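Participant: structure18.pdb (PDB, C-alpha atoms and all ligand atoms) pasted underneath:
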```
MODEL        1
ATOM      1  CA  MET A   8     104.917  77.644  71.975
ATOM      2  CA  ASP A   9     102.149  75.340  73.265
ATOM      3  CA  ARG A  10     101.918  73.898  76.752
ATOM      4  CA  VAL A  11     104.652  75.919  78.404
ATOM      5  CA  PRO A  12     105.115  75.240  82.114
ATOM      6  CA  ALA A  13     103.372  77.861  84.255
ATOM      7  CA  HIS A  14     106.036  77.693  86.964
ATOM      8  CA  VAL A  15     109.692  76.775  86.523
ATOM      9  CA  GLY A  16     111.967  76.224  89.523
ATOM     10  CA  LEU A  17     115.676  76.825  88.974
ATOM     11  CA  ILE A  18     118.308  75.296  91.227
ATOM     12  CA  LEU A  19     121.334  77.293  90.131
ATOM     13  CA  ASP A  20     124.134  74.872  90.855
ATOM     14  CA  GLY A  21     127.738  74.515  89.769
ATOM     15  CA  ASN A  22     129.107  78.045  90.136
ATOM     16  CA  GLY A  23     131.972  76.922  92.378
ATOM     17  CA  ARG A  24     132.992  74.115  90.031
ATOM     18  CA  TRP A  25     132.836  76.457  87.043
ATOM     19  CA  ALA A  26     135.300  78.777  88.792
ATOM     20  CA  ASN A  27     137.543  75.933  89.991
ATOM     21  CA  GLN A  28     137.877  74.638  86.460
ATOM     22  CA  ARG A  29     139.320  78.017  85.508
ATOM     23  CA  GLY A  30     141.591  78.364  88.508
ATOM     24  CA  LEU A  31     139.409  81.200  89.832
ATOM     25  CA  PRO A  32     137.951  81.756  93.310
ATOM     26  CA  ARG A  33     134.432  80.355  93.868
ATOM     27  CA  THR A  34     133.044  83.884  93.977
ATOM     28  CA  ALA A  35     133.973  84.339  90.292
ATOM     29  CA  GLY A  36     131.538  81.532  89.545
ATOM     30  CA  HIS A  37     128.722  83.364  91.317
ATOM     31  CA  LEU A  38     129.519  86.507  89.341
ATOM     32  CA  ALA A  39     129.368  84.523  86.095
ATOM     33  CA  GLY A  40     126.057  82.977  87.166
ATOM     34  CA  GLU A  41     124.287  86.326  87.133
ATOM     35  CA  GLU A  42     124.228  86.650  83.357
ATOM     36  CA  ALA A  43     122.979  83.065  83.092
ATOM     37  CA  LEU A  44     120.081  83.849  85.418
ATOM     38  CA  PHE A  45     118.928  87.010  83.708
ATOM     39  CA  ASP A  46     119.302  85.567  80.216
ATOM     40  CA  THR A  47     117.135  82.676  81.413
ATOM     41  CA  VAL A  48     114.552  85.111  82.819
ATOM     42  CA  GLU A  49     114.408  86.878  79.435
ATOM     43  CA  GLY A  50     113.962  83.491  77.811
ATOM     44  CA  ALA A  51     111.092  82.785  80.200
ATOM     45  CA  LEU A  52     109.467  86.099  79.224
ATOM     46  CA  GLU A  53     109.818  85.201  75.535
ATOM     47  CA  LEU A  54     108.256  81.785  76.116
ATOM     48  CA  GLY A  55     105.364  83.191  78.149
ATOM     49  CA  ILE A  56     106.316  81.410  81.377
ATOM     50  CA  LYS A  57     104.499  83.243  84.180
ATOM     51  CA  TRP A  58     106.460  82.112  87.254
ATOM     52  CA  VAL A  59     110.162  81.449  87.799
ATOM     53  CA  THR A  60     111.604  80.649  91.208
ATOM     54  CA  ALA A  61     115.394  80.889  91.464
ATOM     55  CA  TYR A  62     117.159  79.268  94.410
ATOM     56  CA  THR A  63     119.869  81.793  95.269
ATOM     57  CA  PHE A  64     120.713  80.979  98.900
ATOM     58  CA  SER A  65     119.590  78.047 101.005
ATOM     59  CA  THR A  66     119.172  77.861 104.775
ATOM     60  CA  GLU A  67     122.031  75.338 104.606
ATOM     61  CA  ASN A  68     124.369  77.674 102.698
ATOM     62  CA  TRP A  69     125.296  79.463 105.957
ATOM     63  CA  SER A  70     127.649  76.529 106.510
ATOM     64  CA  ARG A  71     129.996  77.833 103.792
ATOM     65  CA  SER A  72     133.070  79.890 104.650
ATOM     66  CA  ASP A  73     132.474  83.327 106.181
ATOM     67  CA  GLU A  74     134.073  84.839 103.137
ATOM     68  CA  GLU A  75     131.717  83.113 100.684
ATOM     69  CA  VAL A  76     128.625  83.826 102.799
ATOM     70  CA  GLU A  77     129.576  87.479 103.082
ATOM     71  CA  PHE A  78     130.131  87.633  99.340
ATOM     72  CA  LEU A  79     126.753  86.026  98.597
ATOM     73  CA  MET A  80     124.946  88.469 100.905
ATOM     74  CA  TRP A  81     126.600  91.430  99.207
ATOM     75  CA  PHE A  82     126.157  89.976  95.719
ATOM     76  CA  ASN A  83     122.457  89.258  96.120
ATOM     77  CA  GLU A  84     121.884  92.827  97.225
ATOM     78  CA  ASP A  85     124.071  94.354  94.535
ATOM     79  CA  LEU A  86     122.414  92.326  91.815
ATOM     80  CA  LEU A  87     119.035  93.506  92.991
ATOM     81  CA  LEU A  88     120.012  97.152  92.849
ATOM     82  CA  ARG A  89     121.490  96.790  89.374
ATOM     83  CA  ARG A  90     118.681  94.693  87.883
ATOM     84  CA  ARG A  91     115.460  95.910  89.455
ATOM     85  CA  ASP A  92     114.751  98.828  87.080
ATOM     86  CA  ASP A  93     115.304  96.661  84.041
ATOM     87  CA  LEU A  94     113.118  93.905  85.414
ATOM     88  CA  HIS A  95     110.453  96.469  86.306
ATOM     89  CA  LYS A  96     110.485  97.789  82.720
ATOM     90  CA  GLN A  97     109.997  94.251  81.484
ATOM     91  CA  GLY A  98     106.927  93.843  83.676
ATOM     92  CA  VAL A  99     108.537  91.449  86.144
ATOM     93  CA  ARG A 100     107.172  91.219  89.677
ATOM     94  CA  MET A 101     109.975  90.470  92.140
ATOM     95  CA  VAL A 102     109.129  88.375  95.172
ATOM     96  CA  PHE A 103     111.399  87.094  97.945
ATOM     97  CA  ALA A 104     110.767  83.793  99.648
ATOM     98  CA  GLY A 105     112.698  82.732 102.700
ATOM     99  CA  ASP A 106     113.278  83.347 106.365
ATOM    100  CA  MET A 107     113.707  87.110 106.178
ATOM    101  CA  ASP A 108     113.715  87.546 109.964
ATOM    102  CA  ASP A 109     117.079  85.805 110.233
ATOM    103  CA  PRO A 110     119.396  88.335 111.950
ATOM    104  CA  ARG A 111     122.321  87.097 109.843
ATOM    105  CA  ILE A 112     120.798  88.802 106.787
ATOM    106  CA  PRO A 113     122.234  92.335 106.680
ATOM    107  CA  GLY A 114     119.557  94.966 107.348
ATOM    108  CA  ARG A 115     120.346  96.876 104.168
ATOM    109  CA  ASN A 116     119.848  93.759 102.113
ATOM    110  CA  ARG A 117     116.477  93.115 103.734
ATOM    111  CA  LYS A 118     115.414  96.707 103.082
ATOM    112  CA  HIS A 119     116.378  96.526  99.408
ATOM    113  CA  MET A 120     114.475  93.278  98.949
ATOM    114  CA  ALA A 121     111.371  94.865 100.479
ATOM    115  CA  GLU A 122     111.740  97.945  98.240
ATOM    116  CA  ALA A 123     112.149  95.872  95.059
ATOM    117  CA  ALA A 124     109.095  93.803  95.947
ATOM    118  CA  GLU A 125     107.061  96.950  96.631
ATOM    119  CA  LYS A 126     108.180  98.707  93.435
ATOM    120  CA  THR A 127     107.288  95.773  91.191
ATOM    121  CA  ARG A 128     104.249  94.406  93.017
ATOM    122  CA  ASP A 129     101.708  95.240  90.321
ATOM    123  CA  ASN A 130     103.676  93.803  87.397
ATOM    124  CA  THR A 131     102.016  90.919  85.603
ATOM    125  CA  GLU A 132     104.297  89.649  82.816
ATOM    126  CA  LEU A 133     106.210  87.255  85.043
ATOM    127  CA  THR A 134     106.703  86.677  88.756
ATOM    128  CA  LEU A 135     110.353  86.106  89.620
ATOM    129  CA  VAL A 136     110.748  84.607  93.068
ATOM    130  CA  PHE A 137     114.154  84.742  94.692
ATOM    131  CA  ALA A 138     114.347  81.821  97.113
ATOM    132  CA  PHE A 139     116.795  83.510  99.448
ATOM    133  CA  ASN A 140     117.628  82.116 102.853
ATOM    134  CA  TYR A 141     115.078  79.577 101.741
ATOM    135  CA  GLY A 142     114.540  76.094 103.119
ATOM    136  CA  SER A 143     111.442  74.150 102.275
ATOM    137  CA  ARG A 144     111.238  72.339 105.602
ATOM    138  CA  ARG A 145     111.414  75.614 107.493
ATOM    139  CA  GLU A 146     108.735  77.074 105.217
ATOM    140  CA  ILE A 147     106.408  74.152 105.939
ATOM    141  CA  VAL A 148     107.103  74.369 109.690
ATOM    142  CA  ASP A 149     106.399  78.118 109.643
ATOM    143  CA  ALA A 150     103.168  77.545 107.719
ATOM    144  CA  ALA A 151     102.101  74.875 110.211
ATOM    145  CA  ARG A 152     102.792  77.261 113.085
ATOM    146  CA  LYS A 153     100.651  79.966 111.479
ATOM    147  CA  LEU A 154      97.717  77.589 111.252
ATOM    148  CA  ALA A 155      98.212  75.842 114.578
ATOM    149  CA  SER A 156      96.312  78.379 116.654
ATOM    150  CA  GLY A 157      93.164  77.942 114.559
ATOM    151  CA  ASP A 158      90.700  75.127 114.014
ATOM    152  CA  PRO A 159      92.503  71.885 113.026
ATOM    153  CA  GLU A 160      89.542  70.942 110.801
ATOM    154  CA  ALA A 161      90.131  74.098 108.783
ATOM    155  CA  ILE A 162      93.631  72.952 107.786
ATOM    156  CA  THR A 163      93.500  71.731 104.199
ATOM    157  CA  GLU A 164      95.983  71.478 101.346
ATOM    158  CA  GLU A 165      94.692  74.863 100.180
ATOM    159  CA  THR A 166      95.038  76.653 103.519
ATOM    160  CA  LEU A 167      98.499  75.182 104.066
ATOM    161  CA  SER A 168      99.557  76.328 100.577
ATOM    162  CA  ALA A 169      98.229  79.794 101.318
ATOM    163  CA  ALA A 170     100.284  79.919 104.542
ATOM    164  CA  MET A 171     103.562  79.459 102.654
ATOM    165  CA  TYR A 172     105.955  82.379 102.050
ATOM    166  CA  VAL A 173     104.290  83.252  98.709
ATOM    167  CA  PRO A 174     100.573  82.573  99.162
ATOM    168  CA  ASP A 175      99.653  82.797  95.473
ATOM    169  CA  MET A 176     102.528  80.619  94.229
ATOM    170  CA  PRO A 177     101.221  77.896  91.909
ATOM    171  CA  ASP A 178     102.624  74.359  91.966
ATOM    172  CA  VAL A 179     105.931  73.936  90.188
ATOM    173  CA  ASP A 180     105.617  72.252  86.775
ATOM    174  CA  LEU A 181     109.295  71.917  85.967
ATOM    175  CA  VAL A 182     112.369  71.883  88.196
ATOM    176  CA  ILE A 183     115.706  72.438  86.479
ATOM    177  CA  ARG A 184     118.910  71.706  88.372
ATOM    178  CA  SER A 185     122.158  72.364  86.584
ATOM    179  CA  SER A 186     125.577  70.800  87.231
ATOM    180  CA  GLY A 187     124.550  67.148  87.072
ATOM    181  CA  GLU A 188     123.417  66.834  90.692
ATOM    182  CA  HIS A 189     120.127  64.978  91.037
ATOM    183  CA  ARG A 190     118.610  66.278  94.255
ATOM    184  CA  LEU A 191     116.271  68.962  95.568
ATOM    185  CA  SER A 192     118.448  70.198  98.443
ATOM    186  CA  ASN A 193     115.409  71.437 100.389
ATOM    187  CA  PHE A 194     113.869  73.365  97.452
ATOM    188  CA  LEU A 195     110.065  73.693  97.140
ATOM    189  CA  LEU A 196     109.302  70.195  98.453
ATOM    190  CA  TRP A 197     105.583  70.857  98.874
ATOM    191  CA  GLN A 198     105.161  72.814  95.645
ATOM    192  CA  SER A 199     107.050  70.251  93.516
ATOM    193  CA  ALA A 200     104.870  67.279  94.472
ATOM    194  CA  TYR A 201     103.999  66.653  90.797
ATOM    195  CA  ALA A 202     106.798  68.542  89.066
ATOM    196  CA  GLU A 203     108.802  67.172  86.167
ATOM    197  CA  PHE A 204     112.575  67.194  86.700
ATOM    198  CA  TYR A 205     115.284  68.146  84.249
ATOM    199  CA  PHE A 206     118.975  67.816  85.005
ATOM    200  CA  PRO A 207     121.235  69.372  82.387
ATOM    201  CA  GLY A 208     124.834  68.361  82.952
ATOM    202  CA  ILE A 209     126.170  71.874  82.375
ATOM    203  CA  LEU A 210     127.316  74.164  85.180
ATOM    204  CA  TRP A 211     125.042  77.097  86.001
ATOM    205  CA  PRO A 212     127.178  79.883  84.422
ATOM    206  CA  ASP A 213     126.850  78.015  81.092
ATOM    207  CA  PHE A 214     123.035  77.942  81.285
ATOM    208  CA  ASP A 215     121.039  80.431  79.191
ATOM    209  CA  ARG A 216     117.728  80.998  77.384
ATOM    210  CA  HIS A 217     118.582  78.339  74.793
ATOM    211  CA  ALA A 218     119.137  75.780  77.535
ATOM    212  CA  LEU A 219     115.748  76.827  78.943
ATOM    213  CA  VAL A 220     114.109  76.161  75.569
ATOM    214  CA  ASP A 221     115.718  72.684  75.533
ATOM    215  CA  ALA A 222     114.298  72.052  79.001
ATOM    216  CA  VAL A 223     110.814  73.174  77.955
ATOM    217  CA  VAL A 224     110.908  71.012  74.814
ATOM    218  CA  GLU A 225     111.833  68.023  76.976
ATOM    219  CA  TYR A 226     109.021  68.953  79.399
ATOM    220  CA  GLN A 227     106.536  68.995  76.536
ATOM    221  CA  SER A 228     107.436  65.423  75.644
ATOM    222  CA  ARG A 229     106.672  64.177  79.160
ATOM    223  CA  GLU A 230     103.336  62.615  79.977
ATOM    224  CA  ARG A 231     102.030  63.971  83.254
ATOM    225  CA  ARG A 232      99.560  61.544  84.779
ATOM    226  CA  PHE A 233      98.869  63.002  88.242
ATOM    227  CA  GLY A 234      98.063  59.531  89.455
ATOM    228  CA  SER A 235      95.652  58.494  86.729
ATOM    229  CA  ALA A 236      96.111  55.480  84.443
ATOM    230  CA  GLU A 237      97.971  55.892  81.175
ATOM    231  CA  ASP A 238      94.943  55.549  78.875
ATOM    232  CA  GLN A 239      93.042  58.247  80.779
ATOM    233  CA  VAL A 240      95.559  60.957  79.893
ATOM    234  CA  ASP A 241      94.980  62.823  76.644
TER     235      ASP A 241
HETATM  236  C1  LIG A 301     125.329  77.385  93.332
HETATM  237  O1  LIG A 301     126.620  77.071  93.022
HETATM  238  C2  LIG A 301     125.191  78.750  93.959
HETATM  239  C3  LIG A 301     124.820  78.732  95.369
HETATM  240  C4  LIG A 301     124.605  77.685  96.117
HETATM  241  C5  LIG A 301     124.728  80.026  96.011
HETATM  242  P1  LIG A 301     127.573  76.381  94.086
HETATM  243  O2  LIG A 301     128.277  77.467  94.834
HETATM  244  O3  LIG A 301     126.833  75.402  94.910
HETATM  245  O4  LIG A 301     128.605  75.637  93.139
HETATM  246  P2  LIG A 301     129.218  74.183  93.330
HETATM  247  O5  LIG A 301     128.078  73.231  93.536
HETATM  248  O6  LIG A 301     130.105  74.268  94.536
HETATM  249  O7  LIG A 301     129.970  73.928  92.067
HETATM  250  C1  LIG A 302     121.452  74.269  96.480
HETATM  251  O1  LIG A 302     122.752  74.108  96.040
HETATM  252  C2  LIG A 302     121.240  75.668  96.948
HETATM  253  C3  LIG A 302     121.268  76.706  95.933
HETATM  254  C4  LIG A 302     121.374  76.510  94.643
HETATM  255  C5  LIG A 302     121.127  78.067  96.411
HETATM  256  P1  LIG A 302     123.893  73.544  97.002
HETATM  257  O2  LIG A 302     125.123  73.476  96.167
HETATM  258  O3  LIG A 302     123.960  74.345  98.238
HETATM  259  O4  LIG A 302     123.340  72.095  97.357
HETATM  260  P2  LIG A 302     124.094  70.764  97.810
HETATM  261  O5  LIG A 302     124.900  71.113  99.021
HETATM  262  O6  LIG A 302     124.964  70.332  96.681
HETATM  263  O7  LIG A 302     122.989  69.781  98.073
HETATM  264 MG    MG A 303     126.440  73.422  94.712
ENDMDL
END
```
Mind turning this structure into structure tokens?
Facilitator:
Amino acid sequence: MDRVPAHVGLILDGNGRWANQRGLPRTAGHLAGEEALFDTVEGALELGIKWVTAYTFSTENWSRSDEEVEFLMWFNEDLLLRRRDDLHKQGVRMVFAGDMDDPRIPGRNRKHMAEAAEKTRDNTELTLVFAFNYGSRREIVDAARKLASGDPEAITEETLSAAMYVPDMPDVDLVIRSSGEHRLSNFLLWQSAYAEFYFPGILWPDFDRHALVDAVVEYQSRERRFGSAEDQVD
């Protein structure tokens, strides 16, 4: 396929509604969302997409019930342990972006994230970033703090980008948010400055590699101008 996006951002939304519609607890929706995510990652590998960032827990998600937060902490760790060998075999590099120093993240979870990142660090087929305890505003504030002790003249768009959680992360080409919500919810604000947006109405557990292909086909029909006039774009 020609002109595939280099970096796709996924805002996995609608798990709770999916479960509610079936009379199930919200956590059942998160469980069902796992298959959707990994089918989509396989689709990305098939399409030759090199970067996928999946928003799995936001800095605002701590405001959910203790029960749901506890479940999401456990689930994110469990999923990692069950999926990492498979992902490694498929040449996927696993990266974790977020405020990992937050004491509310269980220590075991933090350790397993670090191990998965270390194990897969040299893989080159695809980089899968888990945006976990991620908030874009906090990321930008942290990056600004890192640079603040140096020379203000040395702060450029490039040095600020390199001070983000994942220094080599390229700009996002395509953001997909499922469930019909049309907002970023603090996801990759800096990196999505010129992204295309795609909002499938389906709930996240119903998303899969075919839905990803639909999104990429739609992306290919968009004309990205980056500020230039229409007749300058080929
Ligand atoms: C997205 O689904 C998963 C996470 C935020 C962890 P939601 O849990 O937000 O599902 P809805 O939006 O309530 O349906
Ligand atoms: C965004 O979804 C966060 C994740 C997908 C992890 P939310 O469901 O938390 O976002 P809002 O509250 O609808 O904006
Ligand atoms: Mg939601």
Participant: Which residues are near ligand LIG 301 (chain A) in this structure, taking near to mean any atom at most 8 Å from a ligand atom and counting all atoms listed in the file? Format them as a PDB file with C-alpha atoms, in the frame of the given file.
Facilitator:
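Listed below is the output, pocket.pdb:
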```pdb
ATOM      1  CA  ILE A  18     118.308  75.296  91.227  1.00  0.00           C
ATOM      2  CA  LEU A  19     121.334  77.293  90.131  1.00  0.00           C
ATOM      3  CA  ASP A  20     124.134  74.872  90.855  1.00  0.00           C
ATOM      4  CA  GLY A  21     127.738  74.515  89.769  1.00  0.00           C
ATOM      5  CA  ASN A  22     129.107  78.045  90.136  1.00  0.00           C
ATOM      6  CA  GLY A  23     131.972  76.922  92.378  1.00  0.00           C
ATOM      7  CA  ARG A  24     132.992  74.115  90.031  1.00  0.00           C
ATOM      8  CA  TRP A  25     132.836  76.457  87.043  1.00  0.00           C
ATOM      9  CA  ALA A  26     135.300  78.777  88.792  1.00  0.00           C
ATOM     10  CA  ARG A  33     134.432  80.355  93.868  1.00  0.00           C
ATOM     11  CA  GLY A  36     131.538  81.532  89.545  1.00  0.00           C
ATOM     12  CA  HIS A  37     128.722  83.364  91.317  1.00  0.00           C
ATOM     13  CA  TYR A  62     117.159  79.268  94.410  1.00  0.00           C
ATOM     14  CA  THR A  63     119.869  81.793  95.269  1.00  0.00           C
ATOM     15  CA  PHE A  64     120.713  80.979  98.900  1.00  0.00           C
ATOM     16  CA  SER A  65     119.590  78.047 101.005  1.00  0.00           C
ATOM     17  CA  ASN A  68     124.369  77.674 102.698  1.00  0.00           C
ATOM     18  CA  LEU A  79     126.753  86.026  98.597  1.00  0.00           C
ATOM     19  CA  SER A 186     125.577  70.800  87.231  1.00  0.00           C
ATOM     20  CA  LEU A 210     127.316  74.164  85.180  1.00  0.00           C
ATOM     21  CA  TRP A 211     125.042  77.097  86.001  1.00  0.00           C
TER      22      TRP A 211
END
```
Participant: When distances are computed from all atoms listed in the file, which of A:Leu191, A:Val179, A:Leu87, A:Ile56 shows the smallest separation from A:Asn116?
Facilitator: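 That would be A:Leu87, the residue with the smallest distance to A:Asn116.
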Participant: Can you tell me, as JSON, numbers by chain, what residues are no more than 9 Å from A:Leu88 when counting only C-alpha atoms, ignoring any on the same chain fewer than 5 positions away?
Facilitator: {"A": [83, 119, 123]}
Participant: Those residues with C-alpha atoms, as a PDB file, keeping the file's coordinate frame please?
Facilitator:
```pdb
ATOM      1  CA  ASN A  83     122.457  89.258  96.120  1.00  0.00           C
ATOM      2  CA  HIS A 119     116.378  96.526  99.408  1.00  0.00           C
ATOM      3  CA  ALA A 123     112.149  95.872  95.059  1.00  0.00           C
TER       4      ALA A 123
END
```
Participant: Taking (96.8, 70.2, 96.6) as a centre in this file's frame and 9 Å as the limit, can you find every polymer residue with an atom that close, using only C-alpha atoms, and give them as a VMD selection string?
Facilitator: chain A and resid 163 to 165 168 178 198 200
Participant: Mind pulling up the distance from atom CA of A:Tyr172 to atom CA of A:Asp106?
Facilitator: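 Result for atom CA of A:Asp106 versus atom CA of A:Tyr172: 8.6 Å, one decimal.
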Participant: Return the single residue from A:Arg232, A:Arg184, A:Lys57, A:Arg117 that is closest to ligand MG 303 (chain A), with distances computed using all atoms listed in the file.
Facilitator: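 Under the stated criterion, the closest residue is A:Arg184.
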Participant: Identify, on the basis of all atoms listed in the file, every residue whose closest approach to stretch 125-138 of chain A does not exceed 10 Å; exclude the query and any residue fewer than 5 positions from it along the same chain; express the result as a PyMOL selection string.
Facilitator: chain A and resi 13-18+48-49+51-52+55-66+83+91-92+94-106+119-120+143+172-173+176+194-195
Participant: Determine the nearest neighbour of ligand MG 303 (chain A) from the options A:Asp109, A:Asp149, A:Asp175, A:Glu188, counting all atoms listed in the file.
Facilitator: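 Closest residue, counting all atoms listed in the file: A:Glu188.
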Participant: Please measure the separation of atom O3 of ligand LIG 302 (chain A) and atom CA of A:Ser72, giving the value in Å to one decimal.
Facilitator: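 According to the coordinates, atom O3 of ligand LIG 302 (chain A) and atom CA of A:Ser72 are separated by 12.4 Å.
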Participant: Would you please work out which residue, of A:Ala35, A:Leu196, A:Met80, A:Ile183, is nearest to A:Glu225 when using only C-alpha atoms?
Facilitator: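 Using only C-alpha atoms, A:Glu225 sits closest to A:Ile183.
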Participant: When you draw a straight line from atom CA of A:Arg89 to atom CA of A:Pro174, how long is it in Å?
Facilitator: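 So the two atoms, atom CA of A:Arg89 and atom CA of A:Pro174, lie 27.1 Å apart.
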Participant: Closest to A:Pro212 among A:Pro113, A:Glu84, A:Ser185, A:Gly157, using only C-alpha atoms?
Facilitator: A:Ser185
